[in-house]
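A.B. asks: Input target-v2.txt, format and content: compact mmCIF, C-alpha atoms.
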# COMPACT_ATOMS: atom_id res chain seq x y z
CA MET A 1 132.03 98.71 110.84
CA GLN A 2 134.58 96.01 110.11
CA LYS A 3 135.37 95.08 106.56
CA LYS A 4 134.55 91.56 105.39
CA ASN A 5 137.48 89.21 105.70
CA LYS A 6 138.70 88.15 102.25
CA VAL A 7 140.73 85.09 103.28
CA ASN A 8 139.67 82.11 101.15
CA CYS A 9 138.88 78.95 103.12
CA PHE A 10 139.13 75.73 101.17
CA ALA A 11 136.85 72.83 102.10
CA ASN A 12 139.58 70.73 103.71
CA THR A 13 141.06 73.62 105.72
CA VAL A 14 137.97 75.48 106.89
CA THR A 15 138.62 74.88 110.59
CA VAL A 16 142.17 76.20 110.49
CA CYS A 17 141.14 79.18 108.38
CA VAL A 18 138.33 80.06 110.78
CA GLN A 19 140.70 79.79 113.73
CA PHE A 20 143.21 81.99 111.94
CA ILE A 21 140.59 84.63 111.14
CA GLU A 22 139.36 84.68 114.73
CA ALA A 23 142.93 84.91 116.04
CA ARG A 24 143.67 87.82 113.74
CA ARG A 25 140.54 89.62 114.94
CA ARG A 26 141.60 89.12 118.55
CA LEU A 27 145.05 90.45 117.77
CA ARG A 28 143.50 93.60 116.31
CA ARG A 29 141.28 94.05 119.37
CA GLY A 30 144.17 93.55 121.78
CA ARG A 31 142.57 90.49 123.40
CA ILE A 32 145.57 88.19 123.10
CA ARG A 33 147.64 88.12 126.26
CA ALA A 34 151.17 86.90 126.74
CA GLY A 35 150.05 83.53 128.06
CA GLU A 36 147.78 82.64 125.14
CA VAL A 37 150.24 80.33 123.41
CA SER A 38 147.51 78.30 121.72
CA VAL A 39 146.22 81.32 119.83
CA ASN A 40 149.73 82.29 118.73
CA THR A 41 150.22 78.73 117.49
CA THR A 42 146.98 79.04 115.53
CA VAL A 43 148.21 82.24 113.95
CA MET A 44 151.43 80.56 112.84
CA ARG A 45 149.50 77.58 111.48
CA GLY A 46 147.27 79.94 109.54
CA ILE A 47 150.18 81.87 108.09
CA THR A 48 151.89 78.64 107.08
CA LEU A 49 148.70 77.34 105.51
CA LEU A 50 148.15 80.49 103.49
CA GLY A 51 151.73 80.34 102.27
CA LEU A 52 151.26 76.76 101.11
CA LEU A 53 148.01 77.66 99.36
CA LEU A 54 149.66 80.54 97.52
CA THR A 55 152.61 78.34 96.52
CA THR A 56 150.27 75.62 95.25
CA ALA A 57 148.23 78.12 93.26
CA ALA A 58 151.37 79.53 91.64
CA ALA A 59 152.59 76.01 90.76
CA ASN A 60 149.22 75.08 89.24
CA SER A 61 149.21 78.28 87.19
CA GLN A 62 152.64 77.49 85.77
CA SER A 63 151.85 73.83 85.04
CA GLN A 64 148.66 74.84 83.22
CA ASP A 65 150.56 77.18 80.90
CA ILE A 66 151.06 75.45 77.54
CA SER A 67 151.31 78.67 75.57
CA GLY A 68 154.19 79.31 73.19
CA ILE A 69 155.58 78.07 69.91
CA TRP A 70 156.15 74.33 69.67
CA GLN A 71 157.94 72.17 67.13
CA ARG A 72 157.17 68.50 66.60
CA ASP A 73 159.90 66.37 68.15
CA PRO A 74 161.08 63.90 67.17
CA ASP A 75 160.55 64.97 63.56
CA PRO A 76 158.65 62.15 61.79
CA ASN A 77 160.05 63.28 58.43
CA ALA A 78 163.68 63.24 59.52
CA ASP A 79 166.17 61.64 57.15
CA GLY A 80 163.99 62.45 54.17
CA VAL A 81 161.08 60.15 55.06
CA ASP A 82 158.04 61.35 53.09
CA TYR A 83 155.51 58.90 54.48
CA PRO A 84 156.37 57.83 58.05
CA PRO A 85 154.45 54.93 59.58
CA PRO A 86 151.37 55.64 61.72
CA PRO A 87 152.48 56.82 65.18
CA GLY A 88 150.39 54.23 67.02
CA GLY A 89 151.34 51.28 64.86
CA PRO A 90 148.96 49.57 62.42
CA PRO A 91 145.43 50.98 62.84
CA PRO A 92 142.96 48.41 64.31
CA PHE A 93 140.47 48.53 61.45
CA LYS A 94 137.39 46.41 61.04
CA GLN A 95 136.52 45.08 57.61
CA PRO A 96 135.99 46.40 54.99
CA PHE A 97 138.01 49.38 56.23
CA ALA A 98 141.19 47.35 56.72
CA ALA A 99 141.18 46.26 53.06
CA ARG A 100 140.42 49.78 51.85
CA TYR A 101 143.27 51.18 53.93
CA ARG A 102 145.79 48.65 52.58
CA ALA A 103 144.70 49.42 49.03
CA ILE A 104 145.07 53.19 49.40
CA ILE A 105 148.52 52.81 50.99
CA GLN A 106 149.63 50.65 48.05
CA GLN A 107 148.31 53.25 45.58
CA ARG A 108 150.04 56.04 47.50
CA ASP A 109 153.39 54.25 47.52
CA LEU A 110 153.17 53.45 43.80
CA ALA A 111 152.32 57.06 42.94
CA HIS A 112 155.21 58.23 45.13
CA GLN A 113 157.64 56.01 43.25
CA GLN A 114 156.45 57.67 40.03
CA GLY A 115 156.87 61.17 41.49
CA LYS A 116 153.12 61.76 41.77
CA GLN A 117 150.54 62.29 44.49
CA LEU A 118 147.12 60.76 44.96
CA ALA A 119 144.13 62.90 44.04
CA ASP A 120 142.76 62.72 47.59
CA ASP A 121 146.01 63.87 49.20
CA PRO A 122 145.07 67.02 51.18
CA SER A 123 148.45 68.65 50.55
CA ALA A 124 147.98 68.26 46.80
CA ARG A 125 144.47 69.72 46.94
CA CYS A 126 145.58 72.55 49.25
CA ALA A 127 142.85 71.55 51.71
CA PRO A 128 143.28 72.03 55.47
CA GLU A 129 144.76 69.00 57.21
CA GLY A 130 142.13 68.93 59.94
CA MET A 131 142.21 66.82 63.08
CA PRO A 132 144.27 65.13 64.31
CA THR A 133 146.82 65.78 61.52
CA LEU A 134 146.87 69.48 62.41
CA MET A 135 148.49 68.64 65.77
CA GLY A 136 151.10 66.38 64.22
CA GLY A 137 152.48 68.48 61.40
CA THR A 138 156.18 69.16 60.97
CA TYR A 139 155.55 72.92 60.75
CA ASP A 140 155.43 74.79 64.04
CA LEU A 141 152.34 75.32 66.18
CA GLU A 142 151.61 78.36 68.32
CA ILE A 143 149.33 77.93 71.33
CA LEU A 144 147.51 80.92 72.82
CA GLN A 145 145.54 80.72 76.08
CA SER A 146 142.79 82.70 77.74
CA SER A 147 140.35 81.98 80.54
CA HIS A 148 137.69 80.74 78.10
CA ASP A 149 139.58 79.05 75.26
CA VAL A 150 142.85 77.70 73.92
CA VAL A 151 143.74 78.61 70.33
CA VAL A 152 146.14 76.54 68.23
CA LEU A 153 147.67 78.28 65.20
CA ALA A 154 149.28 75.87 62.76
CA GLU A 155 151.76 77.51 60.41
CA PHE A 156 151.14 75.03 57.58
CA LEU A 157 148.22 76.38 55.51
CA THR A 158 147.58 78.99 58.23
CA GLN A 159 145.14 76.72 60.06
CA THR A 160 143.30 77.71 63.24
CA ARG A 161 141.83 75.46 65.91
CA ARG A 162 139.81 76.60 68.93
CA ILE A 163 139.30 74.62 72.12
CA PHE A 164 136.43 76.01 74.23
CA LEU A 165 137.05 75.57 77.95
CA ASN A 166 134.66 74.32 80.62
CA GLU A 167 131.67 73.64 78.42
CA PRO A 168 130.09 70.35 77.35
CA LEU A 169 130.50 68.85 73.91
CA PRO A 170 127.33 69.66 71.94
CA PRO A 171 125.09 66.83 70.68
CA PRO A 172 126.23 65.47 67.29
CA ALA A 173 123.20 67.00 65.54
CA ASP A 174 124.28 70.45 66.72
CA ILE A 175 127.84 70.21 65.36
CA SER A 176 128.45 71.31 61.78
CA PRO A 177 131.10 69.00 60.27
CA SER A 178 134.40 70.80 59.72
CA TYR A 179 138.07 70.11 59.16
CA ALA A 180 139.15 70.61 62.78
CA GLY A 181 135.82 69.56 64.31
CA TYR A 182 134.40 71.06 67.49
CA SER A 183 136.66 70.87 70.56
CA VAL A 184 136.00 71.43 74.26
CA GLY A 185 138.49 71.14 77.08
CA ARG A 186 138.96 71.21 80.83
CA TRP A 187 141.96 71.20 83.14
CA GLU A 188 142.62 68.12 85.26
CA GLY A 189 145.57 69.20 87.37
CA ASP A 190 148.43 69.94 84.97
CA THR A 191 146.70 68.24 82.01
CA LEU A 192 144.36 69.81 79.46
CA VAL A 193 141.81 67.15 78.52
CA VAL A 194 140.26 67.88 75.12
CA GLN A 195 137.38 66.14 73.34
CA THR A 196 136.75 66.67 69.63
CA ALA A 197 133.83 65.60 67.43
CA GLY A 198 132.36 66.60 64.10
CA VAL A 199 135.42 66.04 61.88
CA ARG A 200 134.42 65.64 58.24
CA GLU A 201 134.66 62.10 56.91
CA LYS A 202 136.84 63.27 54.01
CA VAL A 203 139.42 64.54 56.51
CA GLN A 204 141.73 61.58 56.97
CA PHE A 205 144.68 61.13 59.30
CA MET A 206 147.43 59.42 57.29
CA HIS A 207 144.79 58.06 54.86
CA MET A 208 142.81 56.41 57.67
CA PRO A 209 139.05 56.33 57.03
CA HIS A 210 136.64 57.25 59.82
CA SER A 211 132.94 57.87 60.41
CA MET A 212 131.05 60.84 61.83
CA GLN A 213 130.91 58.92 65.12
CA MET A 214 134.65 59.41 65.60
CA ARG A 215 135.68 61.01 68.89
CA ILE A 216 139.19 62.27 69.60
CA THR A 217 140.41 62.67 73.18
CA GLU A 218 143.67 64.47 73.90
CA ARG A 219 145.62 64.84 77.12
CA ILE A 220 148.01 67.76 76.66
CA ARG A 221 150.57 68.65 79.32
CA ARG A 222 154.00 70.10 79.93
CA ILE A 223 156.77 67.60 80.65
CA PRO A 224 160.35 68.13 81.90
CA GLY A 225 162.88 69.71 79.59
CA ASP A 226 160.55 72.49 78.43
CA ARG A 227 158.64 70.01 76.31
CA LEU A 228 155.00 69.30 75.56
CA GLU A 229 153.16 66.05 74.90
CA ASP A 230 149.76 65.35 73.38
CA ARG A 231 148.45 61.86 74.15
CA VAL A 232 145.77 61.13 71.56
CA THR A 233 143.02 58.50 71.63
CA ILE A 234 140.74 57.99 68.63
CA GLU A 235 137.49 56.11 69.20
CA ASP A 236 135.29 55.06 66.29
CA PRO A 237 133.44 51.83 67.16
CA GLY A 238 132.04 51.38 63.66
CA VAL A 239 135.51 51.53 62.09
CA PHE A 240 138.04 50.45 64.76
CA THR A 241 138.05 47.24 66.77
CA ARG A 242 139.46 49.18 69.73
CA PRO A 243 140.58 52.75 70.56
CA TYR A 244 143.67 53.84 68.63
CA THR A 245 146.24 55.66 70.77
CA PHE A 246 149.51 57.50 70.13
CA THR A 247 151.49 60.49 71.37
CA PHE A 248 152.73 63.65 69.65
CA GLY A 249 155.82 65.19 71.26
CA TYR A 250 157.03 68.77 70.94
CA LYS A 251 159.94 70.95 71.99
CA ARG A 252 159.73 74.68 72.52
CA ASP A 253 160.91 76.70 69.51
CA ALA A 254 161.82 79.93 71.29
CA GLY A 255 162.31 82.93 69.06
CA TYR A 256 160.52 81.44 66.06
CA HIS A 257 157.77 83.50 64.42
CA ILE A 258 154.69 81.87 62.89
CA LEU A 259 154.22 83.34 59.43
CA GLU A 260 151.55 83.15 56.74
CA ASN A 261 151.69 79.93 54.76
CA ILE A 262 149.31 79.82 51.79
CA CYS A 263 149.07 76.87 49.41
CA ASP A 264 149.20 77.57 45.67
CA ASN A 265 146.26 75.46 44.52
CA ASN A 266 146.96 75.95 40.82
CA ARG A 267 150.14 73.87 40.77
CA TYR A 268 148.48 70.47 40.31
CA GLN A 269 146.03 68.86 37.93
CA SER A 270 144.01 65.71 38.55
CA ASN A 271 142.91 62.82 36.38
CA GLY A 272 140.64 61.53 39.14
CA ARG A 273 143.26 59.19 40.60
CA GLU A 274 146.55 61.09 40.63
CA MET A 275 147.79 64.64 40.95
CA THR A 276 150.56 65.88 38.67
CA LEU A 277 152.29 69.22 38.35
CA LYS A 278 150.88 71.32 35.52
CA THR A 279 154.42 72.25 34.53
CA GLN A 280 155.22 68.62 33.75
CA PRO A 281 154.82 67.48 30.11
Let me see whether you can do it: turn the structure in this file into structure tokens.
C.D. replies:
Amino acid sequence: MQKKNKVNCFANTVTVCVQFIEARRRLRRGRIRAGEVSVNTTVMRGITLLGLLLTTAAANSQSQDISGIWQRDPDPNADGVDYPPPPGGPPPFKQPFAARYRAIIQQRDLAHQQGKQLADDPSARCAPEGMPTLMGGTYDLEILQSSHDVVVLAEFLTQTRRIFLNEPLPPPADISPSYAGYSVGRWEGDTLVVQTAGVREKVQFMHMPHSMQMRITERIRRIPGDRLEDRVTIEDPGVFTRPYTFTFGYKRDAGYHILENICDNNRYQSNGREMTLKTQP
């Protein structure tokens, strides 16, 4: 009894694959004679095709590998900048969110001039940054991959984000609000397309307000120079007049080790508007 042939035939190459399989069977049975040039040509076509398929599969596997340790580049806090501008330019807020945003930025800048932090600043409260800030921090990120998920480990505050692959985004009622939200992803060629929902309203990206209807779409891929890019689109029709888009860039930080980074939440005290160090008079 012959064993089942294990050659994979893709939809657009079924005919050639079938011809190749039949030719190989005839070769084994000794039915190919010296004058059967057409069959020999089929064999060569089949061998060439299989080689191309294997090469393509290897290339796809490499392009879909975003694992490793990545450092934000360019560094938004270079040259001592504490509060860089939003990466996508001014956010397209509707009213009254536009006025609220301007007011909080003015309060933040005034507090900064006085050496203080606002009470709702996540870093002052030692709260997780959440999405999408987690992907844009100046501390390194480590990305781990498996067949069913992609895990992002952020060194700052030892944050963890999980992206579940090849499953639909649950209905909003089934998502418990969290700092990083609930993320699902799928590969489109060399690009990991990720959708995130369920980010808590108190989790703000650069002090930008949002609603529970916010959806974040990311397109993460390797680019030349051993670099990574994350093209982010934030949609929140009740808050934004249009989708807000920007890109995070990264360079590989080979040899770096992600370590524990715990925030000391007893350093600051709040008066309801500002945070000050307890050691200050």
A.B. asks: Find the residues near range 199-211 of chain A: any atom within 9 Å, counting all atoms listed in the file, skip ones fewer than 2 places away on the same chain, and give them as a ChimeraX atom specification.
C.D. replies: /A:83,85-86,91,97,100-101,104-105,120-122,128-133,176-182,196-197,213-215,236,238-240
A.B. asks: Point out the residue among A:Ala98, A:Ile258, A:Val151, A:Val232 with the least atom-to-atom distance to Phe246 in chain A, counting all atoms listed in the file.
C.D. replies: A:Val232
A.B. asks: One decimal, in Å: what's the spacing between CA of Lys116 in chain A and CA of Cys263 in chain A?
C.D. replies: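 Interatomic distance, CA of Lys116 in chain A to CA of Cys263 in chain A: 17.4 Å.
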A.B. asks: Which residue is closest to Ile216 in chain A? Choose from A:Gln106, A:Met135, A:Ser147, A:Thr191 and count all atoms listed in the file.
C.D. replies: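 Using all atoms listed in the file, the shortest distance to Ile216 in chain A belongs to A:Met135.
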A.B. asks: Around the point (141.5, 51.2, 67.2), in the coordinates given by the file, pick out the residues reaching within 10 Å, counting all atoms listed in the file, and return them as a ChimeraX atom specification.
C.D. replies: /A:88,90-94,233-237,239-245
A.B. asks: Point out the residue among A:Phe156, A:Arg221, A:Thr247, A:Trp187 with the least atom-to-atom distance to Glu260 in chain A, counting all atoms listed in the file.
C.D. replies: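 Of A:Phe156, A:Arg221, A:Thr247, A:Trp187, the one nearest Glu260 in chain A, counting all atoms listed in the file, is A:Phe156.
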A.B. asks: In the coordinates of the file, take the point (157.9, 81.0, 63.1) and a cut-off of 8 Å; then, counting all atoms listed in the file, name each qualifying protein, DNA or RNA residue as an MDAnalysis selection string.
C.D. replies: chainID A and resid 69 140 155 255:259
A.B. asks: Draw an axis-aligned box over all listed atoms of range 205-216 of chain A, pad each side with 6 Å, and write its centre and edge lengths in Å, one decimal, as lines of an AutoDock Vina configuration file.
C.D. replies:
center_x = 139.2
center_y = 59.3
center_z = 62.2
size_x = 28.5
size_y = 17.9
size_z = 26.7
A.B. asks: Would you work out the distance separating CA of Asp109 in chain A from CA of Thr158 in chain A, expressed in Å to one decimal?
C.D. replies: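 Between CA of Asp109 in chain A and CA of Thr158 in chain A the gap works out to 27.6 Å.
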